[in-house]
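What follows is the content of structure.tsv, which has TSV, N, CA and C atoms:
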```tsv
chain	number	residue	atom	x	y	z
A	1	GLN	N	-22.77	-29.41	-3.74
A	1	GLN	CA	-23.92	-28.81	-3.07
A	1	GLN	C	-23.96	-29.32	-1.63
A	2	VAL	N	-24.04	-28.39	-0.68
A	2	VAL	CA	-24.07	-28.76	0.72
A	2	VAL	C	-25.46	-29.28	1.08
A	3	GLN	N	-25.48	-30.40	1.81
A	3	GLN	CA	-26.74	-30.97	2.26
A	3	GLN	C	-26.67	-31.37	3.72
A	4	LEU	N	-27.78	-31.19	4.42
A	4	LEU	CA	-27.96	-31.68	5.77
A	4	LEU	C	-29.22	-32.53	5.73
A	5	VAL	N	-29.08	-33.82	5.96
A	5	VAL	CA	-30.20	-34.75	5.82
A	5	VAL	C	-30.51	-35.35	7.19
A	6	GLU	N	-31.70	-35.04	7.69
A	6	GLU	CA	-32.10	-35.44	9.03
A	6	GLU	C	-32.94	-36.71	9.00
A	7	SER	N	-32.91	-37.41	10.10
A	7	SER	CA	-33.78	-38.57	10.28
A	7	SER	C	-33.95	-38.82	11.78
A	8	GLY	N	-34.97	-39.60	12.13
A	8	GLY	CA	-35.11	-40.06	13.50
A	8	GLY	C	-36.20	-39.42	14.31
A	9	GLY	N	-36.93	-38.48	13.77
A	9	GLY	CA	-38.03	-37.89	14.52
A	9	GLY	C	-39.18	-38.88	14.68
A	10	GLY	N	-40.20	-38.47	15.40
A	10	GLY	CA	-41.36	-39.33	15.58
A	10	GLY	C	-42.09	-39.03	16.87
A	11	LEU	N	-42.82	-40.03	17.31
A	11	LEU	CA	-43.64	-39.90	18.51
A	11	LEU	C	-43.00	-40.65	19.67
A	12	ALA	N	-42.95	-40.02	20.82
A	12	ALA	CA	-42.44	-40.66	22.03
A	12	ALA	C	-43.36	-40.31	23.19
A	13	GLN	N	-43.38	-41.18	24.18
A	13	GLN	CA	-44.14	-40.92	25.40
A	13	GLN	C	-43.30	-40.08	26.36
A	14	PRO	N	-43.93	-39.35	27.24
A	14	PRO	CA	-43.16	-38.62	28.26
A	14	PRO	C	-42.23	-39.58	29.01
A	15	GLY	N	-40.99	-39.14	29.19
A	15	GLY	CA	-39.99	-39.98	29.81
A	15	GLY	C	-39.24	-40.87	28.85
A	16	GLY	N	-39.70	-40.92	27.61
A	16	GLY	CA	-39.08	-41.78	26.62
A	16	GLY	C	-37.88	-41.15	25.95
A	17	SER	N	-37.38	-41.83	24.92
A	17	SER	CA	-36.17	-41.39	24.23
A	17	SER	C	-36.36	-41.44	22.72
A	18	LEU	N	-35.64	-40.58	22.06
A	18	LEU	CA	-35.50	-40.59	20.61
A	18	LEU	C	-34.07	-40.19	20.28
A	19	ARG	N	-33.61	-40.61	19.11
A	19	ARG	CA	-32.31	-40.15	18.63
A	19	ARG	C	-32.47	-39.57	17.23
A	20	LEU	N	-32.03	-38.35	17.08
A	20	LEU	CA	-32.03	-37.69	15.78
A	20	LEU	C	-30.65	-37.83	15.15
A	21	SER	N	-30.64	-38.00	13.84
A	21	SER	CA	-29.39	-38.06	13.08
A	21	SER	C	-29.40	-36.99	12.01
A	22	CYS	N	-28.23	-36.48	11.70
A	22	CYS	CA	-28.09	-35.52	10.62
A	22	CYS	C	-26.80	-35.82	9.87
A	23	GLU	N	-26.95	-36.26	8.63
A	23	GLU	CA	-25.78	-36.49	7.78
A	23	GLU	C	-25.44	-35.17	7.10
A	24	VAL	N	-24.20	-34.76	7.25
A	24	VAL	CA	-23.73	-33.46	6.78
A	24	VAL	C	-22.73	-33.65	5.65
A	25	SER	N	-22.79	-32.80	4.66
A	25	SER	CA	-21.84	-32.89	3.56
A	25	SER	C	-20.41	-32.87	4.07
A	26	ARG	N	-19.61	-33.76	3.51
A	26	ARG	CA	-18.23	-33.91	3.98
A	26	ARG	C	-17.44	-32.60	3.85
A	27	SER	N	-17.77	-31.79	2.88
A	27	SER	CA	-17.00	-30.57	2.60
A	27	SER	C	-17.04	-29.58	3.76
A	28	ILE	N	-18.03	-29.67	4.62
A	28	ILE	CA	-18.13	-28.72	5.73
A	28	ILE	C	-18.08	-29.38	7.09
A	29	PHE	N	-18.12	-30.70	7.14
A	29	PHE	CA	-18.34	-31.40	8.41
A	29	PHE	C	-17.30	-31.03	9.47
A	30	ASN	N	-16.04	-30.99	9.08
A	30	ASN	CA	-14.98	-30.79	10.09
A	30	ASN	C	-14.74	-29.32	10.43
A	31	ASP	N	-15.27	-28.41	9.65
A	31	ASP	CA	-14.93	-26.99	9.83
A	31	ASP	C	-16.05	-26.15	10.43
A	32	TYR	N	-17.28	-26.62	10.28
A	32	TYR	CA	-18.42	-25.82	10.71
A	32	TYR	C	-18.87	-26.21	12.12
A	33	THR	N	-19.50	-25.27	12.79
A	33	THR	CA	-20.23	-25.57	14.02
A	33	THR	C	-21.53	-26.26	13.63
A	34	LEU	N	-21.78	-27.42	14.21
A	34	LEU	CA	-22.94	-28.24	13.86
A	34	LEU	C	-23.88	-28.37	15.05
A	35	GLY	N	-25.15	-28.39	14.78
A	35	GLY	CA	-26.06	-28.51	15.92
A	35	GLY	C	-27.50	-28.66	15.52
A	36	TRP	N	-28.36	-28.47	16.51
A	36	TRP	CA	-29.79	-28.63	16.35
A	36	TRP	C	-30.53	-27.42	16.94
A	37	TYR	N	-31.53	-27.00	16.21
A	37	TYR	CA	-32.47	-25.99	16.68
A	37	TYR	C	-33.86	-26.65	16.68
A	38	ARG	N	-34.78	-26.02	17.37
A	38	ARG	CA	-36.16	-26.50	17.32
A	38	ARG	C	-37.12	-25.32	17.28
A	39	GLN	N	-38.28	-25.60	16.71
A	39	GLN	CA	-39.26	-24.54	16.53
A	39	GLN	C	-40.66	-25.07	16.74
A	40	VAL	N	-41.40	-24.36	17.55
A	40	VAL	CA	-42.82	-24.61	17.75
A	40	VAL	C	-43.56	-23.63	16.85
A	41	GLN	N	-44.60	-24.10	16.22
A	41	GLN	CA	-45.33	-23.25	15.29
A	41	GLN	C	-45.71	-21.93	15.92
A	42	GLY	N	-45.39	-20.84	15.23
A	42	GLY	CA	-45.72	-19.52	15.71
A	42	GLY	C	-44.69	-18.91	16.63
A	43	LYS	N	-43.62	-19.67	16.91
A	43	LYS	CA	-42.58	-19.15	17.79
A	43	LYS	C	-41.24	-19.15	17.06
A	44	GLN	N	-40.25	-18.52	17.66
A	44	GLN	CA	-38.94	-18.44	17.02
A	44	GLN	C	-38.23	-19.78	17.11
A	45	ARG	N	-37.23	-19.92	16.25
A	45	ARG	CA	-36.42	-21.13	16.24
A	45	ARG	C	-35.31	-20.96	17.28
A	46	ASP	N	-35.21	-21.91	18.19
A	46	ASP	CA	-34.28	-21.81	19.31
A	46	ASP	C	-33.18	-22.87	19.24
A	47	LEU	N	-32.01	-22.50	19.70
A	47	LEU	CA	-30.89	-23.45	19.77
A	47	LEU	C	-31.18	-24.52	20.81
A	48	VAL	N	-30.91	-25.76	20.45
A	48	VAL	CA	-31.01	-26.89	21.38
A	48	VAL	C	-29.62	-27.29	21.86
A	49	ALA	N	-28.74	-27.53	20.91
A	49	ALA	CA	-27.38	-27.96	21.24
A	49	ALA	C	-26.51	-27.76	20.02
A	50	ARG	N	-25.21	-27.56	20.24
A	50	ARG	CA	-24.27	-27.40	19.14
A	50	ARG	C	-22.92	-27.92	19.57
A	51	ILE	N	-22.15	-28.31	18.56
A	51	ILE	CA	-20.79	-28.78	18.80
A	51	ILE	C	-19.86	-28.01	17.88
A	52	PHE	N	-18.80	-27.48	18.45
A	52	PHE	CA	-17.86	-26.66	17.70
A	52	PHE	C	-16.80	-27.56	17.06
A	53	ASN	N	-16.05	-27.01	16.12
A	53	ASN	CA	-15.07	-27.83	15.42
A	53	ASN	C	-13.90	-28.23	16.31
A	54	ASN	N	-13.81	-27.67	17.52
A	54	ASN	CA	-12.78	-28.13	18.46
A	54	ASN	C	-13.31	-29.21	19.39
A	55	GLY	N	-14.57	-29.62	19.18
A	55	GLY	CA	-15.16	-30.69	19.97
A	55	GLY	C	-15.97	-30.23	21.16
A	56	ARG	N	-15.86	-28.96	21.51
A	56	ARG	CA	-16.64	-28.44	22.63
A	56	ARG	C	-18.09	-28.33	22.23
A	57	SER	N	-18.98	-28.61	23.19
A	57	SER	CA	-20.41	-28.52	22.91
A	57	SER	C	-21.11	-27.73	23.99
A	58	ASP	N	-22.27	-27.17	23.66
A	58	ASP	CA	-23.09	-26.55	24.67
A	58	ASP	C	-24.56	-26.82	24.39
A	59	TYR	N	-25.38	-26.60	25.42
A	59	TYR	CA	-26.78	-27.01	25.39
A	59	TYR	C	-27.66	-25.89	25.94
A	60	ALA	N	-28.88	-25.85	25.45
A	60	ALA	CA	-29.88	-24.99	26.06
A	60	ALA	C	-30.15	-25.48	27.48
A	61	ASP	N	-30.42	-24.54	28.38
A	61	ASP	CA	-30.68	-24.92	29.78
A	61	ASP	C	-31.83	-25.93	29.89
A	62	SER	N	-32.81	-25.80	29.00
A	62	SER	CA	-34.00	-26.63	29.09
A	62	SER	C	-33.74	-28.10	28.76
A	63	VAL	N	-32.61	-28.39	28.10
A	63	VAL	CA	-32.33	-29.78	27.72
A	63	VAL	C	-31.06	-30.32	28.36
A	64	ALA	N	-30.28	-29.47	29.00
A	64	ALA	CA	-29.02	-29.90	29.60
A	64	ALA	C	-29.28	-31.03	30.60
A	65	GLY	N	-28.47	-32.08	30.49
A	65	GLY	CA	-28.64	-33.24	31.35
A	65	GLY	C	-29.60	-34.27	30.82
A	66	ARG	N	-30.37	-33.93	29.80
A	66	ARG	CA	-31.31	-34.89	29.19
A	66	ARG	C	-30.92	-35.22	27.75
A	67	PHE	N	-30.37	-34.26	27.05
A	67	PHE	CA	-30.00	-34.44	25.65
A	67	PHE	C	-28.48	-34.51	25.55
A	68	PHE	N	-28.01	-35.30	24.58
A	68	PHE	CA	-26.56	-35.43	24.39
A	68	PHE	C	-26.26	-35.41	22.91
A	69	LEU	N	-25.35	-34.50	22.53
A	69	LEU	CA	-24.97	-34.31	21.13
A	69	LEU	C	-23.62	-34.98	20.89
A	70	SER	N	-23.54	-35.73	19.81
A	70	SER	CA	-22.28	-36.37	19.47
A	70	SER	C	-22.06	-36.30	17.97
A	71	ARG	N	-20.82	-36.60	17.54
A	71	ARG	CA	-20.50	-36.58	16.12
A	71	ARG	C	-19.68	-37.80	15.75
A	72	ASP	N	-19.89	-38.30	14.56
A	72	ASP	CA	-19.14	-39.43	14.01
A	72	ASP	C	-18.49	-38.95	12.73
A	73	SER	N	-17.20	-38.68	12.78
A	73	SER	CA	-16.51	-38.14	11.61
A	73	SER	C	-16.46	-39.15	10.47
A	74	ALA	N	-16.41	-40.42	10.77
A	74	ALA	CA	-16.34	-41.43	9.72
A	74	ALA	C	-17.62	-41.46	8.88
A	75	LYS	N	-18.73	-41.06	9.49
A	75	LYS	CA	-20.02	-41.06	8.79
A	75	LYS	C	-20.52	-39.66	8.47
A	76	ASN	N	-19.74	-38.64	8.78
A	76	ASN	CA	-20.18	-37.25	8.57
A	76	ASN	C	-21.55	-37.01	9.16
A	77	THR	N	-21.76	-37.51	10.35
A	77	THR	CA	-23.08	-37.46	10.94
A	77	THR	C	-23.00	-36.97	12.39
A	78	ILE	N	-23.97	-36.15	12.76
A	78	ILE	CA	-24.14	-35.79	14.17
A	78	ILE	C	-25.42	-36.41	14.68
A	79	TYR	N	-25.43	-36.67	15.97
A	79	TYR	CA	-26.56	-37.33	16.61
A	79	TYR	C	-27.02	-36.50	17.80
A	80	LEU	N	-28.32	-36.45	18.00
A	80	LEU	CA	-28.88	-35.85	19.20
A	80	LEU	C	-29.67	-36.93	19.93
A	81	GLN	N	-29.08	-37.43	21.01
A	81	GLN	CA	-29.77	-38.41	21.85
A	81	GLN	C	-30.63	-37.65	22.84
A	82	MET	N	-31.93	-37.91	22.80
A	82	MET	CA	-32.87	-37.19	23.64
A	82	MET	C	-33.51	-38.17	24.61
A	83	ASP	N	-33.19	-38.01	25.87
A	83	ASP	CA	-33.75	-38.86	26.93
A	83	ASP	C	-34.63	-38.03	27.86
A	84	GLY	N	-35.45	-38.70	28.61
A	84	GLY	CA	-36.32	-37.98	29.53
A	84	GLY	C	-37.20	-36.96	28.83
A	85	LEU	N	-37.74	-37.35	27.70
A	85	LEU	CA	-38.52	-36.41	26.90
A	85	LEU	C	-39.74	-35.91	27.65
A	86	GLU	N	-40.05	-34.65	27.40
A	86	GLU	CA	-41.19	-33.98	28.03
A	86	GLU	C	-42.10	-33.42	26.94
A	87	PRO	N	-43.38	-33.22	27.25
A	87	PRO	CA	-44.26	-32.63	26.23
A	87	PRO	C	-43.74	-31.31	25.69
A	88	GLY	N	-43.04	-30.56	26.51
A	88	GLY	CA	-42.47	-29.29	26.06
A	88	GLY	C	-41.36	-29.43	25.04
A	89	ASP	N	-40.89	-30.64	24.81
A	89	ASP	CA	-39.88	-30.87	23.78
A	89	ASP	C	-40.51	-31.04	22.39
A	90	THR	N	-41.82	-31.08	22.33
A	90	THR	CA	-42.51	-31.22	21.05
A	90	THR	C	-42.21	-30.01	20.16
A	91	ALA	N	-41.69	-30.29	18.97
A	91	ALA	CA	-41.30	-29.22	18.05
A	91	ALA	C	-40.81	-29.86	16.76
A	92	VAL	N	-40.56	-29.02	15.78
A	92	VAL	CA	-39.81	-29.44	14.60
A	92	VAL	C	-38.34	-29.16	14.89
A	93	TYR	N	-37.52	-30.16	14.71
A	93	TYR	CA	-36.08	-30.06	14.99
A	93	TYR	C	-35.32	-29.91	13.68
A	94	TYR	N	-34.43	-28.93	13.65
A	94	TYR	CA	-33.68	-28.61	12.44
A	94	TYR	C	-32.19	-28.80	12.69
A	95	CYS	N	-31.55	-29.51	11.81
A	95	CYS	CA	-30.10	-29.60	11.82
A	95	CYS	C	-29.53	-28.30	11.23
A	96	HIS	N	-28.41	-27.86	11.78
A	96	HIS	CA	-27.85	-26.56	11.39
A	96	HIS	C	-26.34	-26.64	11.31
A	97	ALA	N	-25.78	-25.93	10.36
A	97	ALA	CA	-24.32	-25.81	10.23
A	97	ALA	C	-23.97	-24.36	10.00
A	98	ARG	N	-23.00	-23.86	10.78
A	98	ARG	CA	-22.60	-22.46	10.65
A	98	ARG	C	-21.09	-22.37	10.49
A	99	ARG	N	-20.65	-21.57	9.51
A	99	ARG	CA	-19.22	-21.29	9.37
A	99	ARG	C	-18.79	-20.47	10.57
A	100	PRO	N	-17.72	-20.82	11.24
A	100	PRO	CA	-17.27	-20.07	12.43
A	100	PRO	C	-17.02	-18.61	12.12
A	101	PHE	N	-17.38	-17.76	13.04
A	101	PHE	CA	-17.15	-16.31	12.99
A	101	PHE	C	-17.84	-15.67	11.79
A	102	SER	N	-18.98	-16.24	11.41
A	102	SER	CA	-19.74	-15.67	10.31
A	102	SER	C	-21.21	-15.97	10.50
A	103	ASP	N	-22.03	-15.38	9.67
A	103	ASP	CA	-23.46	-15.69	9.65
A	103	ASP	C	-23.81	-16.62	8.50
A	104	TYR	N	-22.81	-17.20	7.89
A	104	TYR	CA	-23.02	-18.08	6.73
A	104	TYR	C	-23.40	-19.45	7.25
A	105	ASP	N	-24.62	-19.91	6.88
A	105	ASP	CA	-25.07	-21.18	7.44
A	105	ASP	C	-25.98	-21.97	6.51
A	106	TYR	N	-26.25	-23.21	6.92
A	106	TYR	CA	-27.13	-24.12	6.20
A	106	TYR	C	-28.11	-24.75	7.18
A	107	TRP	N	-29.29	-25.13	6.65
A	107	TRP	CA	-30.32	-25.76	7.45
A	107	TRP	C	-30.78	-27.06	6.80
A	108	GLY	N	-31.15	-28.02	7.66
A	108	GLY	CA	-31.83	-29.20	7.18
A	108	GLY	C	-33.30	-28.91	6.96
A	109	GLN	N	-34.01	-29.95	6.52
A	109	GLN	CA	-35.41	-29.77	6.16
A	109	GLN	C	-36.35	-29.82	7.37
A	110	GLY	N	-35.87	-30.30	8.49
A	110	GLY	CA	-36.66	-30.38	9.70
A	110	GLY	C	-37.29	-31.75	9.89
A	111	THR	N	-37.38	-32.16	11.15
A	111	THR	CA	-38.04	-33.43	11.48
A	111	THR	C	-38.89	-33.23	12.73
A	112	GLN	N	-40.10	-33.75	12.67
A	112	GLN	CA	-41.06	-33.53	13.76
A	112	GLN	C	-40.77	-34.48	14.91
A	113	VAL	N	-40.76	-33.91	16.12
A	113	VAL	CA	-40.70	-34.69	17.35
A	113	VAL	C	-41.94	-34.34	18.17
A	114	THR	N	-42.69	-35.37	18.51
A	114	THR	CA	-43.90	-35.18	19.30
A	114	THR	C	-43.81	-36.04	20.55
A	115	VAL	N	-44.00	-35.40	21.70
A	115	VAL	CA	-43.96	-36.12	22.98
A	115	VAL	C	-45.35	-36.04	23.59
A	116	SER	N	-45.99	-37.19	23.65
A	116	SER	CA	-47.37	-37.22	24.12
A	116	SER	C	-47.71	-38.62	24.61
A	117	SER	N	-48.60	-38.68	25.60
A	117	SER	CA	-49.08	-39.97	26.07
A	117	SER	C	-50.37	-40.35	25.34
```

Using structure tokens, write down the structure from this file.
Amino acid sequence: QVQLVESGGGLAQPGGSLRLSCEVSRSIFNDYTLGWYRQVQGKQRDLVARIFNNGRSDYADSVAGRFFLSRDSAKNTIYLQMDGLEPGDTAVYYCHARRPFSDYDYWGQGTQVTVSS
């Protein structure tokens, strides 16, 4: 059974940092595109960052230069380092895995990130 298990959300002050982790089932870790989406209540779920199985990554314009996505193959885990947090980053963050060239995907359970003074 494929699982994506997230951790690391919480409360941060503006300008602060948080790191999200997502442990991904080994069976898909090396083959799927892995990343993070976020959703504000009542709005659509938007891509934050993703890393392809060739190692290339891309970011939403709103987080580029502040967020950094990395992967640790030994731990089957991806990380989203979030620096320079802004109140607009407040959302539920979801780990995501997609089979390349398909719509076949998996989602984590979501973790709340709140940026407030």

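With only C-alpha atoms taken into account, the protein and nucleic acid residues at most 10 Å from Ala64 of chain A (excluding it and anything under 4 positions from it in its own chain) are A:Val48, A:Ala49, A:Asp58, A:Tyr59, A:Ala60, A:Phe68.
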
Exercise for review: In the coordinates of the file, take the point (-23.0, -33.6, 5.4) and a cut-off of 8 Å; then, counting only C-alpha atoms, name each qualifying protein, DNA or RNA residue as a count of residues only.
Suggested key: 14

Exercise for review: Report the residues of chain A whose backbone DSSP state falls under strand (DSSP E), written as a count of residues only.
Suggested key: 59

Exercise for review: Taking the point (-26.7, -36.6, 18.5) as given in the file, collect each protein or nucleic acid residue that comes within 7 Å of it, counting all atoms listed in the file, and present the set as a ChimeraX atom specification.
Suggested key: /A:19-22,68-71,78-82

Check your understanding: Hey, what's within 10 Å of segment 84-95 of chain A if we count only C-alpha atoms and toss same-chain stuff fewer than 2 positions away? As a ChimeraX atom specification, please?
Key -> /A:4-7,9-18,20-24,34-41,45-50,62-63,65-67,78-80,82,97,106-117

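Assigned to alpha helix (DSSP H) in chain A, given DSSP computed from backbone atoms, are Arg26, Ser27, Ile28 and Phe29 of chain A.
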
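Going from atom C of Asn54 of chain A over to atom CA of Phe101 of chain A, you cover 14.9 Å.
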
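Relative to atom N of Asn53 of chain A, atom C of Arg98 of chain A is found at 8.9 Å.
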
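Pairwise distance (atom C of Ser102 of chain A, atom C of Tyr32 of chain A) equals 10.6 Å.
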
Output as lines of an AutoDock Vina configuration file the centre and edge lengths (Å, one decimal) of the box along x, y and z of the file that holds every listed atom of segment 29-47 of chain A after adding 5 Å on each side.
```
center_x = -30.2
center_y = -24.9
center_z = 14.0
size_x = 41.0
size_y = 23.0
size_z = 23.7
```

Your completed segment 95-110 of chain A with N, CA, C and O atoms, as a tab-separated table (two decimals), in the coordinates of the input:
```tsv
chain	number	residue	atom	x	y	z
A	95	CYS	N	-31.55	-29.51	11.81
A	95	CYS	CA	-30.10	-29.60	11.82
A	95	CYS	C	-29.53	-28.30	11.23
A	95	CYS	O	-30.11	-27.73	10.29
A	96	HIS	N	-28.41	-27.86	11.78
A	96	HIS	CA	-27.85	-26.56	11.39
A	96	HIS	C	-26.34	-26.64	11.31
A	96	HIS	O	-25.70	-27.34	12.11
A	97	ALA	N	-25.78	-25.93	10.36
A	97	ALA	CA	-24.32	-25.81	10.23
A	97	ALA	C	-23.97	-24.36	10.00
A	97	ALA	O	-24.56	-23.70	9.14
A	98	ARG	N	-23.00	-23.86	10.78
A	98	ARG	CA	-22.60	-22.46	10.65
A	98	ARG	C	-21.09	-22.37	10.49
A	98	ARG	O	-20.34	-22.97	11.27
A	99	ARG	N	-20.65	-21.57	9.51
A	99	ARG	CA	-19.22	-21.29	9.37
A	99	ARG	C	-18.79	-20.47	10.57
A	99	ARG	O	-19.40	-19.45	10.87
A	100	PRO	N	-17.72	-20.82	11.24
A	100	PRO	CA	-17.27	-20.07	12.43
A	100	PRO	C	-17.02	-18.61	12.12
A	100	PRO	O	-16.54	-18.25	11.04
A	101	PHE	N	-17.38	-17.76	13.04
A	101	PHE	CA	-17.15	-16.31	12.99
A	101	PHE	C	-17.84	-15.67	11.79
A	101	PHE	O	-17.35	-14.69	11.21
A	102	SER	N	-18.98	-16.24	11.41
A	102	SER	CA	-19.74	-15.67	10.31
A	102	SER	C	-21.21	-15.97	10.50
A	102	SER	O	-21.59	-16.73	11.40
A	103	ASP	N	-22.03	-15.38	9.67
A	103	ASP	CA	-23.46	-15.69	9.65
A	103	ASP	C	-23.81	-16.62	8.50
A	103	ASP	O	-24.98	-16.81	8.21
A	104	TYR	N	-22.81	-17.20	7.89
A	104	TYR	CA	-23.02	-18.08	6.73
A	104	TYR	C	-23.40	-19.45	7.25
A	104	TYR	O	-22.63	-20.09	7.98
A	105	ASP	N	-24.62	-19.91	6.88
A	105	ASP	CA	-25.07	-21.18	7.44
A	105	ASP	C	-25.98	-21.97	6.51
A	105	ASP	O	-26.40	-21.48	5.45
A	106	TYR	N	-26.25	-23.21	6.92
A	106	TYR	CA	-27.13	-24.12	6.20
A	106	TYR	C	-28.11	-24.75	7.18
A	106	TYR	O	-27.79	-24.93	8.37
A	107	TRP	N	-29.29	-25.13	6.65
A	107	TRP	CA	-30.32	-25.76	7.45
A	107	TRP	C	-30.78	-27.06	6.80
A	107	TRP	O	-30.83	-27.18	5.58
A	108	GLY	N	-31.15	-28.02	7.66
A	108	GLY	CA	-31.83	-29.20	7.18
A	108	GLY	C	-33.30	-28.91	6.96
A	108	GLY	O	-33.79	-27.81	7.20
A	109	GLN	N	-34.01	-29.95	6.52
A	109	GLN	CA	-35.41	-29.77	6.16
A	109	GLN	C	-36.35	-29.82	7.37
A	109	GLN	O	-37.51	-29.42	7.27
A	110	GLY	N	-35.87	-30.30	8.49
A	110	GLY	CA	-36.66	-30.38	9.70
A	110	GLY	C	-37.29	-31.75	9.89
A	110	GLY	O	-37.67	-32.42	8.92
```
